[in-house]
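With compact mmCIF, C-alpha atoms inside, this is coords-v2.txt:
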# COMPACT_ATOMS: atom_id res chain seq x y z
CA ALA A 1 54.07 64.11 153.76
CA CYS A 2 54.97 67.79 153.68
CA MET A 3 58.09 67.14 151.60
CA ALA A 4 56.18 64.85 149.26
CA ALA A 5 53.63 67.59 148.64
CA ASN A 6 56.31 70.26 148.20
CA PRO A 7 59.80 68.84 147.57
CA LYS A 8 61.30 72.34 147.42
CA SER A 9 59.97 73.47 150.78
CA PHE A 10 62.83 74.78 152.92
CA GLU A 11 60.70 74.69 156.07
CA CYS A 12 59.67 71.04 155.65
CA THR A 13 63.19 69.94 154.76
CA ARG A 14 64.78 71.68 157.75
CA ALA A 15 62.06 70.34 160.07
CA ALA A 16 62.71 66.80 158.83
CA ALA A 17 66.42 67.18 159.58
CA GLN A 18 65.66 68.46 163.07
CA LEU A 19 63.22 65.64 163.79
CA TYR A 20 65.73 63.01 162.72
CA GLY A 21 68.22 64.79 164.98
CA VAL A 22 65.89 64.48 167.96
CA MET A 23 65.39 60.78 167.21
CA ALA A 24 69.15 60.29 167.00
CA MET A 25 69.90 62.10 170.26
CA SER A 26 67.12 60.39 172.21
CA GLY A 27 67.90 56.90 170.92
CA GLY A 28 71.55 56.53 171.89
CA MET A 29 74.59 55.65 169.80
CA ILE A 30 72.88 53.06 167.59
CA ALA A 31 70.08 55.46 166.69
CA GLY A 32 72.65 58.18 166.09
CA MET A 33 74.48 56.07 163.54
CA LYS A 34 71.21 54.96 161.97
CA TYR A 35 69.80 58.44 161.45
CA ALA A 36 73.01 60.37 160.75
CA PRO A 37 72.81 59.91 156.95
CA LYS A 38 69.23 61.25 156.87
CA ILE A 39 70.12 64.18 159.13
CA LYS A 40 73.04 65.14 156.89
CA GLU A 41 71.02 64.65 153.70
CA PHE A 42 68.19 66.92 154.81
CA MET A 43 70.49 69.54 156.33
CA LEU A 44 72.48 69.78 153.12
CA LYS A 45 69.22 69.97 151.15
CA ALA A 46 67.96 72.78 153.41
CA VAL A 47 71.15 74.77 152.77
CA GLU A 48 70.76 74.13 149.06
CA LEU A 49 67.15 75.37 149.12
CA ASP A 50 68.03 78.51 151.10
CA PRO A 51 71.79 79.16 151.12
CA LYS A 52 71.22 82.51 152.86
CA SER A 53 69.60 80.95 155.93
CA PHE A 54 71.85 81.32 158.96
CA GLU A 55 69.73 78.81 160.87
CA ALA A 56 70.21 76.11 158.23
CA ARG A 57 73.96 76.77 158.14
CA ARG A 58 74.09 76.61 161.93
CA ASP A 59 72.21 73.29 161.93
CA LEU A 60 74.71 71.86 159.47
CA ASN A 61 77.67 73.13 161.49
CA GLN A 62 76.29 71.58 164.66
CA PHE A 63 75.99 68.25 162.84
CA TYR A 64 79.53 68.43 161.48
CA ILE A 65 80.89 69.27 164.94
CA ALA A 66 78.85 66.76 166.97
CA ALA A 67 78.81 63.72 164.67
CA PRO A 68 81.76 61.32 164.61
CA GLY A 69 83.74 61.13 161.40
CA ILE A 70 82.30 57.73 160.49
CA ALA A 71 78.80 59.28 160.56
CA GLY A 72 79.73 62.31 158.47
CA GLY A 73 81.12 64.67 161.07
CA SER A 74 84.01 66.87 160.02
CA ILE A 75 85.56 69.96 161.57
CA SER A 76 87.07 70.93 158.23
CA LYS A 77 83.61 70.82 156.65
CA ALA A 78 82.20 72.93 159.48
CA ARG A 79 84.93 75.48 158.86
CA ALA A 80 84.27 75.41 155.11
CA ASN A 81 80.55 75.87 155.72
CA ALA A 82 81.28 78.96 157.81
CA GLU A 83 83.69 80.35 155.21
CA SER A 84 81.24 79.85 152.35
CA TYR A 85 78.58 81.80 154.24
CA LYS A 86 80.70 84.94 154.02
CA GLN A 87 79.24 85.71 150.60
CA HIS A 88 75.81 86.02 152.21
CA ASN A 89 76.64 87.59 155.58
CA ALA A 90 80.25 88.22 156.60
CA ASP A 91 79.31 89.03 160.20
CA LEU A 92 77.20 85.95 160.86
CA SER A 93 79.79 83.73 159.18
CA LYS A 94 82.06 84.67 162.10
CA LEU A 95 79.51 83.30 164.55
CA LEU A 96 79.49 80.01 162.63
CA LEU A 97 83.26 79.92 162.97
CA VAL A 98 82.95 80.60 166.71
CA ASP A 99 81.36 77.17 167.12
CA VAL A 100 84.39 75.59 165.48
CA HIS A 101 86.77 77.50 167.77
CA LEU A 102 84.77 76.43 170.84
CA TYR A 103 85.00 72.79 169.79
CA GLU A 104 88.75 73.16 169.30
CA LYS A 105 88.98 75.00 172.67
CA LYS A 106 90.45 78.06 170.98
CA TYR A 107 88.70 80.42 173.35
CA PRO A 108 90.65 83.64 172.69
CA GLN A 109 89.98 83.28 168.95
CA ALA A 110 86.28 82.68 169.64
CA GLN A 111 86.04 85.73 171.90
CA LYS A 112 87.85 87.88 169.34
CA LEU A 113 85.47 86.84 166.56
CA ILE A 114 82.38 87.54 168.69
CA ALA A 115 83.70 91.03 169.44
CA GLU A 116 84.17 91.69 165.73
CA VAL A 117 80.52 91.06 164.83
CA ASN A 118 78.52 94.22 164.17
CA ALA A 119 75.23 94.23 166.09
CA THR A 120 73.19 95.89 163.35
CA ASP A 121 69.77 94.45 164.23
CA ASP A 122 67.93 92.61 166.99
CA LYS A 123 68.55 89.18 165.48
CA THR A 124 72.30 89.76 165.32
CA LYS A 125 72.31 91.11 168.88
CA ARG A 126 70.51 87.97 170.06
CA LEU A 127 72.96 85.71 168.21
CA ILE A 128 75.94 87.59 169.68
CA ASN A 129 74.48 87.16 173.15
CA ASN A 130 73.95 83.44 172.54
CA ALA A 131 77.55 83.12 171.34
CA ASN A 132 78.84 84.83 174.46
CA ILE A 133 76.67 82.60 176.65
CA GLY A 134 78.08 79.57 174.85
CA LEU A 135 81.62 80.82 175.36
CA GLY A 136 80.96 81.41 179.04
CA PHE A 137 79.73 77.85 179.54
CA ALA A 138 82.62 76.49 177.47
CA TYR A 139 85.01 78.27 179.83
CA LEU A 140 83.14 76.81 182.80
CA SER A 141 83.01 73.23 181.53
CA ASN A 142 86.74 73.27 180.82
CA GLY A 143 87.78 74.57 184.23
CA LYS A 144 88.42 78.17 183.20
CA ILE A 145 86.28 79.49 186.01
CA PRO A 146 87.78 83.01 186.41
CA GLU A 147 87.34 83.64 182.68
CA SER A 148 83.76 82.38 182.90
CA ILE A 149 82.95 84.67 185.83
CA THR A 150 84.49 87.69 184.10
CA LEU A 151 82.52 87.10 180.91
CA PHE A 152 79.20 86.44 182.65
CA GLN A 153 79.68 89.52 184.86
CA LYS A 154 80.10 91.62 181.70
CA LEU A 155 76.96 90.09 180.22
CA VAL A 156 74.95 90.72 183.39
CA THR A 157 76.13 94.35 183.46
CA ALA A 158 75.25 94.85 179.80
CA GLN A 159 71.95 92.93 180.02
CA PRO A 160 70.65 92.97 183.59
CA ASP A 161 67.39 91.32 182.50
CA SER A 162 69.06 88.32 180.84
CA ALA A 163 68.15 85.22 182.81
CA GLN A 164 70.77 83.14 180.98
CA ALA A 165 73.52 85.59 181.90
CA HIS A 166 72.57 85.46 185.59
CA PHE A 167 72.32 81.67 185.40
CA GLY A 168 75.77 81.38 183.86
CA LEU A 169 77.21 83.72 186.47
CA GLY A 170 75.57 81.72 189.24
CA ARG A 171 76.99 78.46 187.91
CA ALA A 172 80.47 79.97 187.64
CA GLN A 173 80.26 81.46 191.14
CA LEU A 174 79.13 78.11 192.48
CA ALA A 175 82.12 76.43 190.84
CA SER A 176 84.44 78.95 192.49
CA LYS A 177 82.82 78.40 195.92
CA GLN A 178 81.39 81.94 196.02
CA LEU A 179 78.25 80.49 197.54
CA ASP A 180 76.44 83.63 198.72
CA GLU A 181 77.01 85.31 195.36
CA ALA A 182 75.91 82.15 193.53
CA ILE A 183 72.67 81.97 195.52
CA ALA A 184 71.89 85.59 194.69
CA SER A 185 72.59 85.08 190.98
CA LEU A 186 70.54 81.89 190.76
CA GLU A 187 67.65 83.45 192.68
CA ARG A 188 67.75 86.41 190.27
CA THR A 189 67.69 83.94 187.38
CA LEU A 190 64.43 82.44 188.61
CA VAL A 191 62.86 85.85 189.15
CA LEU A 192 63.59 86.69 185.52
CA ASP A 193 62.65 83.27 184.12
CA ASN A 194 61.39 80.51 186.39
CA THR A 195 61.82 77.91 183.64
CA GLN A 196 65.62 78.14 183.87
CA PRO A 197 67.27 75.08 185.52
CA ALA A 198 68.61 77.13 188.42
CA HIS A 199 67.30 75.11 191.38
CA TYR A 200 70.67 74.19 192.83

Go ahead and express the file in the form of structure tokens.
Amino acid sequence: ACMAANPKSFECTRAAAQLYGVMAMSGGMIAGMKYAPKIKEFMLKAVELDPKSFEARRDLNQFYIAAPGIAGGSISKARANAESYKQHNADLSKLLLVDVHLYEKKYPQAQKLIAEVNATDDKTKRLINNANIGLGFAYLSNGKIPESITLFQKLVTAQPDSAQAHFGLGRAQLASKQLDEAIASLERTLVLDNTQPAHY
């Protein structure tokens, strides 16, 4: 209804893409294949309506990375999307490329790109932190536990009030059997944000 009333509304178009995405993820593989064309259509339309929007570009990259090729997924398209964003924001285009590197398990390249981003404002600082958190969990999920601990320890030192950083550190410490340290990190997580899933 929103898009019918205002076909050039970026907000309505992006919201439609996100809602189809939720339907696809909650409905299993069949729903994913059913809704993938709509998700891609609306995400591409959102980028067309506001090519400077980092959020719309990030949505599209996540689709390209997560969707199978038969449904429109493509790592090369995700990389091209990140490269084309350079004309709008060279720093944030690096963070789009970080997602590609994480998918390809090119962790040193991802860490290098994150370090190159200039934290010029609060939004960029938040996005850098999210990228580092993502890298830390990528390390953890792929068995690179020492690297995960090192990164999360740096994040905790730099941002002692970050619940996500403490949570990541606690998960990594738990994986390395540092149980007392893990308990302390997870308890600190819940003090900072009791909505975090830290009840291990």

* Asked: What does the distance between CA of Ile65 (chain A) and CA of Ala175 (chain A) come to in Å, to one decimal place?
  -> 26.9 Å

* Residue list as a PyMOL selection string for point (81.0, 83.9, 180.5), cut-off 12 Å, all atoms listed in the file -> chain A and resi 107+111+129-141+144-157+164-173

Quick one: 5 Å padding each side, axis-aligned, all listed atoms of region 183-187 of chain A - centre and edge lengths in Å to one decimal, as JSON?
{"center_x": 70.2, "center_y": 83.7, "center_z": 193.1, "size_x": 15.0, "size_y": 13.7, "size_z": 14.8}

* Pick out the residues sitting within 12 Å of region 27-33 of chain A, and hand them over as a PyMOL selection string; count all atoms listed in the file, and ignore anything fewer than 2 positions along from it in its own chain. => chain A and resi 20-25+35-40+63+66-73

Expected file: the selected residues, C-alpha atoms, as a PDB file, keeping the file's coordinate frame:
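The result, stored in out13.pdb:
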ATOM      1  CA  TYR A  20      65.730  63.010 162.720  1.00  0.00           C
ATOM      2  CA  GLY A  21      68.220  64.790 164.980  1.00  0.00           C
ATOM      3  CA  VAL A  22      65.890  64.480 167.960  1.00  0.00           C
ATOM      4  CA  MET A  23      65.390  60.780 167.210  1.00  0.00           C
ATOM      5  CA  ALA A  24      69.150  60.290 167.000  1.00  0.00           C
ATOM      6  CA  MET A  25      69.900  62.100 170.260  1.00  0.00           C
ATOM      7  CA  TYR A  35      69.800  58.440 161.450  1.00  0.00           C
ATOM      8  CA  ALA A  36      73.010  60.370 160.750  1.00  0.00           C
ATOM      9  CA  PRO A  37      72.810  59.910 156.950  1.00  0.00           C
ATOM     10  CA  LYS A  38      69.230  61.250 156.870  1.00  0.00           C
ATOM     11  CA  ILE A  39      70.120  64.180 159.130  1.00  0.00           C
ATOM     12  CA  LYS A  40      73.040  65.140 156.890  1.00  0.00           C
ATOM     13  CA  PHE A  63      75.990  68.250 162.840  1.00  0.00           C
ATOM     14  CA  ALA A  66      78.850  66.760 166.970  1.00  0.00           C
ATOM     15  CA  ALA A  67      78.810  63.720 164.670  1.00  0.00           C
ATOM     16  CA  PRO A  68      81.760  61.320 164.610  1.00  0.00           C
ATOM     17  CA  GLY A  69      83.740  61.130 161.400  1.00  0.00           C
ATOM     18  CA  ILE A  70      82.300  57.730 160.490  1.00  0.00           C
ATOM     19  CA  ALA A  71      78.800  59.280 160.560  1.00  0.00           C
ATOM     20  CA  GLY A  72      79.730  62.310 158.470  1.00  0.00           C
ATOM     21  CA  GLY A  73      81.120  64.670 161.070  1.00  0.00           C
TER      22      GLY A  73
END

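Take CA of Ala158 (chain A) and CA of Arg58 (chain A): the distance between them is 25.6 Å.
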
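Counting only C-alpha atoms, the residue from A:Asn61, A:Ser76, A:Ser53, A:Thr195 that sits nearest to Leu96 (chain A) is A:Asn61.
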
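A search radius of 9 Å centred on (77.7, 76.3, 155.8), applied to all atoms listed in the file, returns the residues Leu44, Val47, Pro51, Phe54, Ala56, Arg57, Arg58, Asp59, Leu60, Asn61, Lys77, Ala78, Arg79, Ala80, Asn81, Ala82, Glu83, Ser84, Tyr85, Ser93 and Leu96 of chain A.
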
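Among A:Gln109, A:His101, A:Ile75, A:Asp91, the residue with the shortest atom-to-atom distance to Asp121 (chain A), counting only C-alpha atoms, is A:Asp91.
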
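Between CA of Ser9 (chain A) and CA of Arg126 (chain A) lies a distance of 26.3 Å.
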
* Selected residue of minimal separation from Phe10 (chain A) among A:Val191, A:Asn142, A:Ala182, A:Glu55, counting all atoms listed in the file -> A:Glu55

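Proximity ranking of A:Leu97, A:Ser185, A:Gln196, A:Asp180 relative to Pro160 (chain A) places A:Ser185 first, based on all atoms listed in the file.
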
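Minimum atom-to-atom distances from A:Ala115, A:Gln87, A:Ser162, A:Leu95 to Leu190 (chain A) were compared using all atoms listed in the file, and the lowest value belongs to A:Ser162.
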
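Nearest-residue note for Tyr103 (chain A): choosing from A:Asn194, A:Ser74, A:Leu174, A:Ala5, the minimum distance belongs to A:Ser74, counting all atoms listed in the file.
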